[in-house]
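Here is input-v6.pdb, consisting of PDB, C-alpha atoms and all ligand atoms:
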```pdb
ATOM      1  CA  MET W 597     -53.513 -37.285  46.233  1.00  0.00           C
ATOM      2  CA  ALA W 598     -55.962 -34.380  46.519  1.00  0.00           C
ATOM      3  CA  LYS W 599     -58.292 -33.265  43.749  1.00  0.00           C
ATOM      4  CA  LEU W 600     -57.807 -29.620  42.935  1.00  0.00           C
ATOM      5  CA  ASP W 601     -60.627 -27.178  42.584  1.00  0.00           C
ATOM      6  CA  PRO W 602     -58.854 -23.817  42.259  1.00  0.00           C
ATOM      7  CA  VAL W 603     -62.090 -21.835  42.584  1.00  0.00           C
ATOM      8  CA  THR W 604     -63.082 -23.487  45.852  1.00  0.00           C
ATOM      9  CA  LEU W 605     -59.528 -23.264  47.157  1.00  0.00           C
ATOM     10  CA  SER W 606     -59.355 -19.558  46.354  1.00  0.00           C
ATOM     11  CA  ASN W 607     -62.719 -18.809  47.922  1.00  0.00           C
ATOM     12  CA  LYS W 608     -61.979 -20.793  51.024  1.00  0.00           C
ATOM     13  CA  PHE W 609     -58.681 -19.148  51.847  1.00  0.00           C
ATOM     14  CA  GLY W 610     -58.882 -15.843  50.016  1.00  0.00           C
ATOM     15  CA  PHE W 611     -55.685 -16.645  48.124  1.00  0.00           C
ATOM     16  CA  SER W 612     -55.220 -17.660  44.529  1.00  0.00           C
ATOM     17  CA  LEU W 613     -53.640 -20.852  43.279  1.00  0.00           C
ATOM     18  CA  PHE W 614     -50.905 -20.167  40.718  1.00  0.00           C
ATOM     19  CA  ASN W 615     -52.123 -21.752  37.486  1.00  0.00           C
ATOM     20  CA  GLY W 616     -48.791 -22.283  35.739  1.00  0.00           C
ATOM     21  CA  PHE W 617     -49.009 -26.079  36.114  1.00  0.00           C
ATOM     22  CA  PRO W 618     -47.183 -28.375  36.502  1.00  0.00           C
ATOM     23  CA  TYR W 619     -44.874 -27.382  39.349  1.00  0.00           C
ATOM     24  CA  LEU W 620     -43.370 -28.387  42.661  1.00  0.00           C
ATOM     25  CA  ILE W 621     -43.864 -26.467  45.875  1.00  0.00           C
ATOM     26  CA  THR W 622     -41.245 -27.114  48.541  1.00  0.00           C
ATOM     27  CA  THR W 623     -41.875 -25.723  52.001  1.00  0.00           C
ATOM     28  CA  VAL W 624     -38.735 -23.948  53.210  1.00  0.00           C
ATOM     29  CA  ALA W 625     -40.118 -21.814  56.039  1.00  0.00           C
ATOM     30  CA  GLU W 626     -43.255 -21.100  58.015  1.00  0.00           C
ATOM     31  CA  ALA W 627     -45.512 -20.105  55.082  1.00  0.00           C
ATOM     32  CA  GLY W 628     -42.482 -19.841  52.818  1.00  0.00           C
ATOM     33  CA  TYR W 629     -42.536 -21.809  49.572  1.00  0.00           C
ATOM     34  CA  HIS W 630     -40.067 -22.540  46.817  1.00  0.00           C
ATOM     35  CA  PHE W 631     -41.594 -23.080  43.373  1.00  0.00           C
ATOM     36  CA  THR W 632     -39.996 -25.237  40.691  1.00  0.00           C
ATOM     37  CA  LEU W 633     -41.893 -25.069  37.423  1.00  0.00           C
ATOM     38  CA  LEU W 634     -41.787 -28.340  35.503  1.00  0.00           C
ATOM     39  CA  PRO W 635     -42.013 -29.014  31.780  1.00  0.00           C
ATOM     40  CA  GLY W 636     -45.188 -30.635  30.545  1.00  0.00           C
ATOM     41  CA  GLY W 637     -45.318 -34.421  30.527  1.00  0.00           C
ATOM     42  CA  PRO W 638     -47.339 -37.448  31.578  1.00  0.00           C
ATOM     43  CA  PRO W 639     -48.327 -37.466  35.278  1.00  0.00           C
ATOM     44  CA  SER W 640     -46.327 -40.633  35.903  1.00  0.00           C
ATOM     45  CA  MET W 641     -43.147 -38.923  34.696  1.00  0.00           C
ATOM     46  CA  LEU W 642     -43.850 -35.803  36.734  1.00  0.00           C
ATOM     47  CA  TYR W 643     -44.598 -37.881  39.815  1.00  0.00           C
ATOM     48  CA  ALA W 644     -41.337 -39.829  39.441  1.00  0.00           C
ATOM     49  CA  LEU W 645     -39.441 -36.576  39.029  1.00  0.00           C
ATOM     50  CA  ALA W 646     -41.080 -35.095  42.132  1.00  0.00           C
ATOM     51  CA  LEU W 647     -40.420 -38.204  44.188  1.00  0.00           C
ATOM     52  CA  SER W 648     -36.755 -38.240  43.213  1.00  0.00           C
ATOM     53  CA  GLN W 649     -36.410 -34.601  44.181  1.00  0.00           C
ATOM     54  CA  TYR W 650     -38.155 -35.204  47.500  1.00  0.00           C
ATOM     55  CA  ILE W 651     -35.973 -38.166  48.406  1.00  0.00           C
ATOM     56  CA  VAL W 652     -32.828 -36.088  47.935  1.00  0.00           C
ATOM     57  CA  ASN W 653     -34.054 -32.773  49.413  1.00  0.00           C
ATOM     58  CA  ASP W 654     -35.986 -34.371  52.317  1.00  0.00           C
ATOM     59  CA  LEU W 655     -38.176 -31.268  52.613  1.00  0.00           C
ATOM     60  CA  PRO W 656     -42.006 -31.104  52.535  1.00  0.00           C
ATOM     61  CA  GLN W 657     -43.009 -31.097  48.894  1.00  0.00           C
ATOM     62  CA  CYS W 658     -46.228 -30.878  46.888  1.00  0.00           C
ATOM     63  CA  LEU W 659     -46.477 -31.722  43.175  1.00  0.00           C
ATOM     64  CA  VAL W 660     -49.233 -29.542  41.717  1.00  0.00           C
ATOM     65  CA  LEU W 661     -50.861 -30.642  38.474  1.00  0.00           C
ATOM     66  CA  ARG W 662     -53.832 -29.062  36.772  1.00  0.00           C
ATOM     67  CA  HIS W 663     -56.441 -31.223  38.467  1.00  0.00           C
ATOM     68  CA  ASP W 664     -54.754 -32.772  41.477  1.00  0.00           C
ATOM     69  CA  CYS W 665     -51.767 -32.582  43.754  1.00  0.00           C
ATOM     70  CA  TYR W 666     -49.503 -35.069  45.504  1.00  0.00           C
ATOM     71  CA  TRP W 667     -47.748 -34.423  48.797  1.00  0.00           C
ATOM     72  CA  HIS W 668     -44.457 -35.985  49.739  1.00  0.00           C
ATOM     73  CA  TRP W 669     -44.166 -35.559  53.494  1.00  0.00           C
ATOM     74  CA  PRO W 670     -45.096 -37.998  56.245  1.00  0.00           C
ATOM     75  CA  ASP W 671     -47.074 -35.536  58.374  1.00  0.00           C
ATOM     76  CA  THR W 672     -49.415 -34.390  55.608  1.00  0.00           C
ATOM     77  CA  ALA W 673     -53.123 -34.903  56.264  1.00  0.00           C
ATOM     78  CA  PRO W 674     -54.994 -37.045  53.717  1.00  0.00           C
ATOM     79  CA  GLY W 675     -56.533 -34.889  50.997  1.00  0.00           C
ATOM     80  CA  GLU W 676     -54.395 -31.863  51.890  1.00  0.00           C
ATOM     81  CA  GLY W 677     -54.381 -29.289  49.106  1.00  0.00           C
ATOM     82  CA  PRO W 678     -51.362 -27.309  47.949  1.00  0.00           C
ATOM     83  CA  PRO W 679     -50.065 -24.469  50.132  1.00  0.00           C
ATOM     84  CA  LEU W 680     -51.632 -21.082  49.425  1.00  0.00           C
ATOM     85  CA  GLY W 681     -50.474 -17.610  50.352  1.00  0.00           C
ATOM     86  CA  GLY W 682     -47.163 -17.026  52.050  1.00  0.00           C
ATOM     87  CA  THR W 683     -43.861 -15.956  50.578  1.00  0.00           C
ATOM     88  CA  ILE W 684     -42.877 -17.424  47.217  1.00  0.00           C
ATOM     89  CA  VAL W 685     -39.320 -17.880  45.979  1.00  0.00           C
ATOM     90  CA  TRP W 686     -37.892 -19.785  43.024  1.00  0.00           C
ATOM     91  CA  GLY W 687     -34.677 -20.621  41.223  1.00  0.00           C
ATOM     92  CA  LYS W 688     -32.800 -21.745  44.333  1.00  0.00           C
ATOM     93  CA  LEU W 689     -33.480 -25.447  44.847  1.00  0.00           C
ATOM     94  CA  LEU W 690     -32.033 -27.045  41.776  1.00  0.00           C
ATOM     95  CA  PRO W 691     -33.614 -30.032  40.063  1.00  0.00           C
ATOM     96  CA  PHE W 692     -31.744 -33.190  39.070  1.00  0.00           C
ATOM     97  CA  ARG W 693     -31.504 -32.096  35.501  1.00  0.00           C
ATOM     98  CA  LEU W 694     -31.886 -28.783  33.805  1.00  0.00           C
ATOM     99  CA  PHE W 695     -34.979 -28.253  31.764  1.00  0.00           C
ATOM    100  CA  PRO W 696     -34.703 -26.541  28.391  1.00  0.00           C
ATOM    101  CA  ILE W 697     -35.970 -22.974  28.552  1.00  0.00           C
ATOM    102  CA  THR W 698     -38.928 -23.417  26.264  1.00  0.00           C
ATOM    103  CA  ASP W 699     -41.273 -20.537  25.479  1.00  0.00           C
ATOM    104  CA  ASP W 700     -43.833 -22.257  27.689  1.00  0.00           C
ATOM    105  CA  LEU W 701     -41.519 -22.490  30.703  1.00  0.00           C
ATOM    106  CA  ALA W 702     -40.249 -18.942  30.231  1.00  0.00           C
ATOM    107  CA  SER W 703     -43.800 -17.645  30.001  1.00  0.00           C
ATOM    108  CA  ARG W 704     -44.845 -19.446  33.172  1.00  0.00           C
ATOM    109  CA  TYR W 705     -41.830 -18.175  35.135  1.00  0.00           C
ATOM    110  CA  ASP W 706     -42.666 -14.695  33.938  1.00  0.00           C
ATOM    111  CA  ARG W 707     -46.224 -15.126  35.209  1.00  0.00           C
ATOM    112  CA  LEU W 708     -44.927 -16.472  38.518  1.00  0.00           C
ATOM    113  CA  ALA W 709     -42.769 -13.371  38.919  1.00  0.00           C
ATOM    114  CA  ARG W 710     -45.884 -11.233  38.503  1.00  0.00           C
ATOM    115  CA  PHE W 711     -48.152 -13.538  40.512  1.00  0.00           C
ATOM    116  CA  ASP W 712     -49.827 -11.477  43.202  1.00  0.00           C
ATOM    117  CA  GLY W 713     -52.254 -14.049  44.517  1.00  0.00           C
ATOM    118  CA  ASN W 714     -50.032 -15.089  47.361  1.00  0.00           C
ATOM    119  CA  GLY W 715     -50.797 -12.130  49.610  1.00  0.00           C
ATOM    120  CA  GLY W 716     -47.550 -12.738  51.402  1.00  0.00           C
ATOM    121  CA  GLY W 717     -44.504 -10.613  51.914  1.00  0.00           C
ATOM    122  CA  ASN W 718     -40.893 -11.138  51.042  1.00  0.00           C
ATOM    123  CA  ILE W 719     -39.740 -12.402  54.408  1.00  0.00           C
ATOM    124  CA  LEU W 720     -39.044 -16.027  55.219  1.00  0.00           C
ATOM    125  CA  VAL W 721     -39.899 -16.757  58.822  1.00  0.00           C
ATOM    126  CA  PRO W 722     -38.499 -19.859  60.512  1.00  0.00           C
ATOM    127  CA  ASP W 723     -40.678 -22.256  62.445  1.00  0.00           C
ATOM    128  CA  LEU W 724     -41.037 -20.360  65.713  1.00  0.00           C
ATOM    129  CA  THR W 725     -41.484 -23.585  67.665  1.00  0.00           C
ATOM    130  CA  GLU W 726     -38.033 -24.657  66.449  1.00  0.00           C
ATOM    131  CA  GLY W 727     -39.313 -28.184  66.191  1.00  0.00           C
ATOM    132  CA  SER W 728     -40.085 -28.336  69.894  1.00  0.00           C
ATOM    133  CA  ARG W 729     -43.114 -29.722  71.693  1.00  0.00           C
ATOM    134  CA  SER W 730     -44.584 -29.140  75.127  1.00  0.00           C
ATOM    135  CA  ALA W 731     -42.888 -31.228  77.794  1.00  0.00           C
ATOM    136  CA  THR W 732     -44.910 -33.428  80.090  1.00  0.00           C
ATOM    137  CA  ALA W 733     -44.455 -33.080  83.858  1.00  0.00           C
ATOM    138  CA  GLU W 734     -42.505 -36.323  83.798  1.00  0.00           C
ATOM    139  CA  GLU W 735     -40.186 -35.009  81.070  1.00  0.00           C
ATOM    140  CA  ILE W 736     -39.591 -31.756  82.928  1.00  0.00           C
ATOM    141  CA  ARG W 737     -38.487 -33.789  85.956  1.00  0.00           C
ATOM    142  CA  ARG W 738     -36.446 -36.321  83.998  1.00  0.00           C
ATOM    143  CA  LEU W 739     -34.714 -33.883  81.632  1.00  0.00           C
ATOM    144  CA  ALA W 740     -34.042 -31.035  84.065  1.00  0.00           C
ATOM    145  CA  GLY W 741     -30.499 -29.755  84.489  1.00  0.00           C
ATOM    146  CA  LYS W 742     -27.113 -30.531  83.035  1.00  0.00           C
ATOM    147  CA  GLN W 743     -24.823 -33.520  83.044  1.00  0.00           C
ATOM    148  CA  GLN W 744     -21.460 -33.301  84.834  1.00  0.00           C
ATOM    149  CA  ASN W 745     -19.828 -32.172  81.611  1.00  0.00           C
ATOM    150  CA  GLY W 746     -22.311 -29.299  81.258  1.00  0.00           C
ATOM    151  CA  VAL W 747     -24.280 -30.890  78.424  1.00  0.00           C
ATOM    152  CA  PRO W 748     -28.081 -30.865  78.869  1.00  0.00           C
ATOM    153  CA  VAL W 749     -29.591 -34.007  80.352  1.00  0.00           C
ATOM    154  CA  GLY W 750     -31.063 -36.184  77.608  1.00  0.00           C
ATOM    155  CA  LEU W 751     -28.250 -35.700  75.085  1.00  0.00           C
ATOM    156  CA  ALA W 752     -25.664 -38.383  74.348  1.00  0.00           C
ATOM    157  CA  ARG W 753     -22.618 -38.283  72.117  1.00  0.00           C
ATOM    158  CA  CYS W 754     -23.072 -40.126  68.840  1.00  0.00           C
ATOM    159  CA  LEU W 755     -20.475 -42.874  68.519  1.00  0.00           C
ATOM    160  CA  LYS W 756     -20.367 -42.400  64.767  1.00  0.00           C
ATOM    161  CA  CYS W 757     -19.951 -38.643  64.242  1.00  0.00           C
ATOM    162  CA  GLY W 758     -19.047 -37.483  67.749  1.00  0.00           C
ATOM    163  CA  GLN W 759     -21.812 -34.876  67.946  1.00  0.00           C
ATOM    164  CA  TRP W 760     -24.603 -34.763  70.494  1.00  0.00           C
ATOM    165  CA  LYS W 761     -28.086 -36.112  69.914  1.00  0.00           C
ATOM    166  CA  GLY W 762     -31.258 -36.925  71.810  1.00  0.00           C
ATOM    167  CA  GLU W 763     -33.980 -34.849  73.417  1.00  0.00           C
ATOM    168  CA  CYS W 764     -33.571 -32.170  76.048  1.00  0.00           C
ATOM    169  CA  LEU W 765     -35.422 -29.222  77.492  1.00  0.00           C
ATOM    170  CA  GLY W 766     -34.924 -25.837  75.861  1.00  0.00           C
ATOM    171  CA  LEU W 767     -32.064 -23.831  77.365  1.00  0.00           C
ATOM    172  CA  ILE W 768     -33.650 -20.382  77.184  1.00  0.00           C
ATOM    173  CA  PRO W 769     -36.707 -19.281  79.201  1.00  0.00           C
ATOM    174  CA  ASN W 770     -39.105 -19.373  76.232  1.00  0.00           C
ATOM    175  CA  PHE W 771     -38.333 -23.040  75.698  1.00  0.00           C
ATOM    176  CA  ALA W 772     -37.710 -24.165  79.276  1.00  0.00           C
ATOM    177  CA  ASP W 773     -40.949 -26.174  79.263  1.00  0.00           C
ATOM    178  CA  LYS W 774     -40.439 -27.538  75.754  1.00  0.00           C
ATOM    179  CA  VAL W 775     -38.709 -30.689  74.580  1.00  0.00           C
ATOM    180  CA  LYS W 776     -36.289 -30.110  71.744  1.00  0.00           C
ATOM    181  CA  PRO W 777     -35.136 -32.973  69.544  1.00  0.00           C
ATOM    182  CA  VAL W 778     -31.393 -32.547  68.913  1.00  0.00           C
ATOM    183  CA  HIS W 779     -29.721 -34.117  65.891  1.00  0.00           C
ATOM    184  CA  CYS W 780     -26.147 -35.106  65.205  1.00  0.00           C
ATOM    185  CA  LEU W 781     -24.504 -34.997  61.783  1.00  0.00           C
ATOM    186  CA  CYS W 782     -25.762 -38.466  60.905  1.00  0.00           C
ATOM    187  CA  SER W 783     -29.386 -37.241  60.690  1.00  0.00           C
ATOM    188  CA  ASN W 784     -28.690 -34.791  57.888  1.00  0.00           C
ATOM    189  CA  ARG W 785     -30.441 -36.051  54.770  1.00  0.00           C
ATOM    190  CA  ASN W 786     -31.081 -32.702  53.096  1.00  0.00           C
ATOM    191  CA  PHE W 787     -29.057 -32.785  49.886  1.00  0.00           C
ATOM    192  CA  CYS W 788     -28.915 -30.660  46.756  1.00  0.00           C
ATOM    193  CA  ALA W 789     -30.330 -32.627  43.830  1.00  0.00           C
ATOM    194  CA  SER W 790     -27.897 -31.051  41.395  1.00  0.00           C
ATOM    195  CA  CYS W 791     -24.519 -31.603  43.093  1.00  0.00           C
ATOM    196  CA  GLY W 792     -25.368 -34.079  45.834  1.00  0.00           C
ATOM    197  CA  HIS W 793     -23.820 -31.987  48.596  1.00  0.00           C
ATOM    198  CA  PRO W 794     -25.719 -31.294  51.828  1.00  0.00           C
ATOM    199  CA  PHE W 795     -27.466 -27.931  51.956  1.00  0.00           C
ATOM    200  CA  HIS W 796     -26.044 -27.326  55.417  1.00  0.00           C
ATOM    201  CA  ARG W 797     -23.718 -29.145  57.791  1.00  0.00           C
ATOM    202  CA  TYR W 798     -26.681 -30.019  59.997  1.00  0.00           C
ATOM    203  CA  LYS W 799     -30.195 -31.259  59.312  1.00  0.00           C
ATOM    204  CA  LEU W 800     -32.654 -28.558  58.217  1.00  0.00           C
ATOM    205  CA  ASN W 801     -35.740 -27.642  60.245  1.00  0.00           C
ATOM    206  CA  ALA W 802     -33.984 -29.196  63.213  1.00  0.00           C
ATOM    207  CA  ASN W 803     -31.766 -28.453  66.207  1.00  0.00           C
ATOM    208  CA  TYR W 804     -28.179 -29.349  66.923  1.00  0.00           C
ATOM    209  CA  TYR W 805     -26.096 -28.849  70.056  1.00  0.00           C
ATOM    210  CA  ASP W 806     -23.305 -26.283  69.751  1.00  0.00           C
ATOM    211  CA  GLU W 807     -20.877 -27.757  72.236  1.00  0.00           C
ATOM    212  CA  ALA W 808     -18.442 -24.827  72.208  1.00  0.00           C
ATOM    213  CA  ALA W 809     -21.172 -22.323  72.995  1.00  0.00           C
ATOM    214  CA  GLY W 810     -23.238 -24.652  75.148  1.00  0.00           C
ATOM    215  CA  GLN W 811     -26.319 -23.717  73.133  1.00  0.00           C
ATOM    216  CA  ILE W 812     -28.955 -25.444  71.060  1.00  0.00           C
ATOM    217  CA  ARG W 813     -29.051 -24.031  67.538  1.00  0.00           C
ATOM    218  CA  TYR W 814     -31.966 -24.251  65.147  1.00  0.00           C
ATOM    219  CA  VAL W 815     -31.312 -24.566  61.398  1.00  0.00           C
ATOM    220  CA  PRO W 816     -34.301 -23.239  59.420  1.00  0.00           C
ATOM    221  CA  GLY W 817     -35.325 -24.916  56.167  1.00  0.00           C
ATOM    222  CA  PHE W 818     -34.596 -21.824  54.114  1.00  0.00           C
ATOM    223  CA  MET W 819     -30.882 -22.350  54.663  1.00  0.00           C
ATOM    224  CA  ALA W 820     -31.288 -24.640  51.644  1.00  0.00           C
ATOM    225  CA  LEU W 821     -31.766 -21.518  49.522  1.00  0.00           C
ATOM    226  CA  GLN W 822     -28.299 -20.285  50.428  1.00  0.00           C
ATOM    227  CA  HIS W 823     -26.631 -23.395  49.095  1.00  0.00           C
ATOM    228  CA  ARG W 824     -24.327 -22.963  46.117  1.00  0.00           C
ATOM    229  CA  CYS W 825     -23.042 -25.944  44.197  1.00  0.00           C
ATOM    230  CA  PRO W 826     -19.279 -26.393  43.967  1.00  0.00           C
ATOM    231  CA  GLU W 827     -17.545 -24.322  41.348  1.00  0.00           C
ATOM    232  CA  GLN W 828     -17.457 -27.004  38.722  1.00  0.00           C
ATOM    233  CA  MET W 829     -21.249 -27.065  38.748  1.00  0.00           C
ATOM    234  CA  GLU W 830     -21.622 -23.324  38.371  1.00  0.00           C
ATOM    235  CA  SER W 831     -21.270 -23.473  34.608  1.00  0.00           C
ATOM    236  CA  LYS W 832     -24.682 -25.123  34.489  1.00  0.00           C
ATOM    237  CA  LEU W 833     -26.988 -22.153  34.145  1.00  0.00           C
ATOM    238  CA  ARG W 834     -30.350 -22.704  35.708  1.00  0.00           C
ATOM    239  CA  PRO W 835     -33.480 -21.696  33.860  1.00  0.00           C
ATOM    240  CA  ALA W 836     -35.090 -20.032  36.838  1.00  0.00           C
ATOM    241  CA  GLU W 837     -32.020 -17.993  37.683  1.00  0.00           C
ATOM    242  CA  VAL W 838     -31.676 -16.875  34.113  1.00  0.00           C
ATOM    243  CA  LEU W 839     -35.231 -15.652  34.175  1.00  0.00           C
ATOM    244  CA  GLN W 840     -34.955 -13.635  37.371  1.00  0.00           C
TER     245      GLN W 840
HETATM  246 ZN    ZN F 901     -23.996 -39.005  64.492  1.00  0.00          ZN
HETATM  247 ZN    ZN F 902     -25.682 -28.122  44.841  1.00  0.00          ZN
END
```
Would you give me this structure, written as C-alpha cells?
Amino acid sequence: MAKLDPVTLSNKFGFSLFNGFPYLITTVAEAGYHFTLLPGGPPSMLYALALSQYIVNDLPQCLVLRHDCYWHWPDTAPGEGPPLGGTIVWGKLLPFRLFPITDDLASRYDRLARFDGNGGGNILVPDLTEGSRSATAEEIRRLAGKQQNGVPVGLARCLKCGQWKGECLGLIPNFADKVKPVHCLCSNRNFCASCGHPFHRYKLNANYYDEAAGQIRYVPGFMALQHRCPEQMESKLRPAEVLQ
C-alpha cells in the first residue's frame, strides 16, 4: 500500500492524478493505462474486487482510492504510487460484474474523458525490450545457434501443448545479445473477467516461438483491449462503452 498525496505526486512528476476515485489502473503498454472506474464502497470490498480482477487478468494493476493505492504485481517496488501520465484508455477490460450506471459513475467517466492531466498521446507503445534481458557472456556461448531442427538453442517442445518454450537469444540483430523468455500455450493466464476466455492465444507481454515462420513473436499487453467476448455475452452493455 502507498499513501497518496496528489499534490506531491503532481509536483514531482508534472502530471496530475485523476481524482475520480475509486478506480483501477491496469498497465497494458509502456506508459499505457486502462482505467476502470469503480462504484463507491468500503475499501475491503474494493480491494477484494481489484484482487479478483487481477487474478483473472494477470496484468499489472493498481487500485487507487482517495488516500492510498494498492498494487497487484510482483515486481512493484514497496510504496510505489499510481502510474501518472501516459496514454489512458477505458471501457475495454471488462469487470466481473457490470456496475449500475449511477449519476456518480457517469459523471466520473465524463470527467475522465475530459481529463487532460495525463500529458500523453493516443498511441499505445509496446515494451520495446520485448521482455528480454542482456545476455551474459556464458549465455551467449551456451545459447548461440540453432538446433538440428532449426529451432533456436534453449527452446524445448512442451509435452503438454506441443509448443516451444524456454529461453533463447534474440533472432534479429537488435536482440542478438539479449535473452528472450519464450512461452508455450500453458503459460497463458491472461483471461477476460467477463467471459473467462483468454485475451489472446498466447501470454501477453511475452514471447512465443512461431514455428512455421521460424521467428519469435512478441504479444503486447494491449492485445487485451482487442478482445471481444463471445456473442452471447455481447448483450451485456458495459457502462464505460455506453459512455464513450
Ligand atoms: Zn505448454
Ligand atoms: Zn470476454
**OP:** Go through the shown structure with the PyMOL selection byres (((chain W and resi 784) around 9) and not hetatm) and write out the matching residues as a PyMOL selection string.
**Re:** chain W and resi 779-783+785-787+794+796-800
Subject >> Contact residues around Leu765 in chain W with all atoms listed in the file at 10 Å, ignoring same-chain residues under 4 positions, as a PyMOL selection string >> reply: chain W and resi 728-731+735-736+738-741+748-751+771-777+812
Restricted to C-alpha atoms, what would the selected residues look like written as a compact mmCIF listing (two decimals), in the coordinates of the input?
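Once written, part.txt looks like this:
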```txt
# COMPACT_ATOMS: atom_id res chain seq x y z
CA SER W 728 -40.08 -28.34 69.89
CA ARG W 729 -43.11 -29.72 71.69
CA SER W 730 -44.58 -29.14 75.13
CA ALA W 731 -42.89 -31.23 77.79
CA GLU W 735 -40.19 -35.01 81.07
CA ILE W 736 -39.59 -31.76 82.93
CA ARG W 738 -36.45 -36.32 84.00
CA LEU W 739 -34.71 -33.88 81.63
CA ALA W 740 -34.04 -31.04 84.06
CA GLY W 741 -30.50 -29.76 84.49
CA PRO W 748 -28.08 -30.86 78.87
CA VAL W 749 -29.59 -34.01 80.35
CA GLY W 750 -31.06 -36.18 77.61
CA LEU W 751 -28.25 -35.70 75.08
CA PHE W 771 -38.33 -23.04 75.70
CA ALA W 772 -37.71 -24.16 79.28
CA ASP W 773 -40.95 -26.17 79.26
CA LYS W 774 -40.44 -27.54 75.75
CA VAL W 775 -38.71 -30.69 74.58
CA LYS W 776 -36.29 -30.11 71.74
CA PRO W 777 -35.14 -32.97 69.54
CA ILE W 812 -28.96 -25.44 71.06
```
Original post:
At what distance in Å, to one decimal, does CA of Ala802 in chain W lie from CA of Lys742 in chain W?
Top reply: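 Going from CA of Lys742 in chain W over to CA of Ala802 in chain W covers 21.0 Å.
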**OP:** Could you tell me how far CA of Cys757 in chain W lies from CA of Gly792 in chain W, in Å and to one decimal?
**Re:**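 CA of Gly792 in chain W lies 19.7 Å from CA of Cys757 in chain W.
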Original post:
For the atom pair CA of Lys756 in chain W and CA of Ile651 in chain W, what is the interatomic distance in Å to one decimal place?
Top reply: 23.0 Å
Subject >> Ground truth for the PyMOL selection byres (((not hetatm)) within 10 of (chain F and resi 902)), written as a list of chain:residue names >> reply: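 Against this file, the PyMOL selection byres (((not hetatm)) within 10 of (chain F and resi 902)) returns the residues W:Lys688, W:Leu689, W:Leu690, W:Pro691, W:Phe692, W:Phe787, W:Cys788, W:Ala789, W:Ser790, W:Cys791, W:Gly792, W:His793, W:Pro794, W:Phe795, W:Ala820, W:Gln822, W:His823, W:Arg824, W:Cys825, W:Pro826, W:Glu827, W:Met829, W:Glu830.
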Write a file of the just-selected residues containing C-alpha atoms, as a short mmCIF file (atom, residue, chain, number, x, y, z; two decimals), in the coordinates of the input.
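New file result-v3.cif:
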```
data_model
loop_
_atom_site.label_atom_id
_atom_site.label_comp_id
_atom_site.auth_asym_id
_atom_site.auth_seq_id
_atom_site.Cartn_x
_atom_site.Cartn_y
_atom_site.Cartn_z
CA LYS W 688 -32.80 -21.74 44.33
CA LEU W 689 -33.48 -25.45 44.85
CA LEU W 690 -32.03 -27.04 41.78
CA PRO W 691 -33.61 -30.03 40.06
CA PHE W 692 -31.74 -33.19 39.07
CA PHE W 787 -29.06 -32.78 49.89
CA CYS W 788 -28.92 -30.66 46.76
CA ALA W 789 -30.33 -32.63 43.83
CA SER W 790 -27.90 -31.05 41.40
CA CYS W 791 -24.52 -31.60 43.09
CA GLY W 792 -25.37 -34.08 45.83
CA HIS W 793 -23.82 -31.99 48.60
CA PRO W 794 -25.72 -31.29 51.83
CA PHE W 795 -27.47 -27.93 51.96
CA ALA W 820 -31.29 -24.64 51.64
CA GLN W 822 -28.30 -20.28 50.43
CA HIS W 823 -26.63 -23.40 49.10
CA ARG W 824 -24.33 -22.96 46.12
CA CYS W 825 -23.04 -25.94 44.20
CA PRO W 826 -19.28 -26.39 43.97
CA GLU W 827 -17.55 -24.32 41.35
CA MET W 829 -21.25 -27.06 38.75
CA GLU W 830 -21.62 -23.32 38.37
#
```
Subject >> Nearest to ligand ZN 901 (chain F) by atom-to-atom distance, counting all atoms listed in the file, from W:Gln759, W:Ser703, W:Thr683, W:Ser640 >> reply: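 Among the listed residues, W:Gln759 lies closest to ligand ZN 901 (chain F).
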For the structure just given, write the atoms of range 685-707 of chain W, namely C-alpha atoms, as a compact mmCIF listing (two decimals), in the first residue's frame.
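Saved to decode-v9.txt:
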```
# COMPACT_ATOMS: atom_id res chain seq x y z
CA VAL W 685 -7.98 4.17 -22.29
CA TRP W 686 -11.13 2.77 -20.71
CA GLY W 687 -14.14 0.59 -21.38
CA LYS W 688 -12.17 -2.33 -22.81
CA LEU W 689 -11.17 -4.60 -19.94
CA LEU W 690 -14.45 -5.77 -18.55
CA PRO W 691 -15.05 -6.30 -14.84
CA PHE W 692 -16.59 -9.43 -13.34
CA ARG W 693 -19.93 -7.79 -12.98
CA LEU W 694 -21.47 -4.75 -14.52
CA PHE W 695 -21.90 -1.75 -12.32
CA PRO W 696 -25.13 0.23 -12.50
CA ILE W 697 -24.63 3.49 -14.36
CA THR W 698 -25.28 5.80 -11.45
CA ASP W 699 -25.08 9.57 -11.84
CA ASP W 700 -21.84 9.43 -9.88
CA LEU W 701 -20.21 6.86 -12.17
CA ALA W 702 -21.44 8.62 -15.31
CA SER W 703 -20.10 11.93 -14.04
CA ARG W 704 -16.70 10.45 -13.26
CA TYR W 705 -16.42 8.77 -16.68
CA ASP W 706 -17.32 12.09 -18.25
CA ARG W 707 -14.54 13.76 -16.28
```
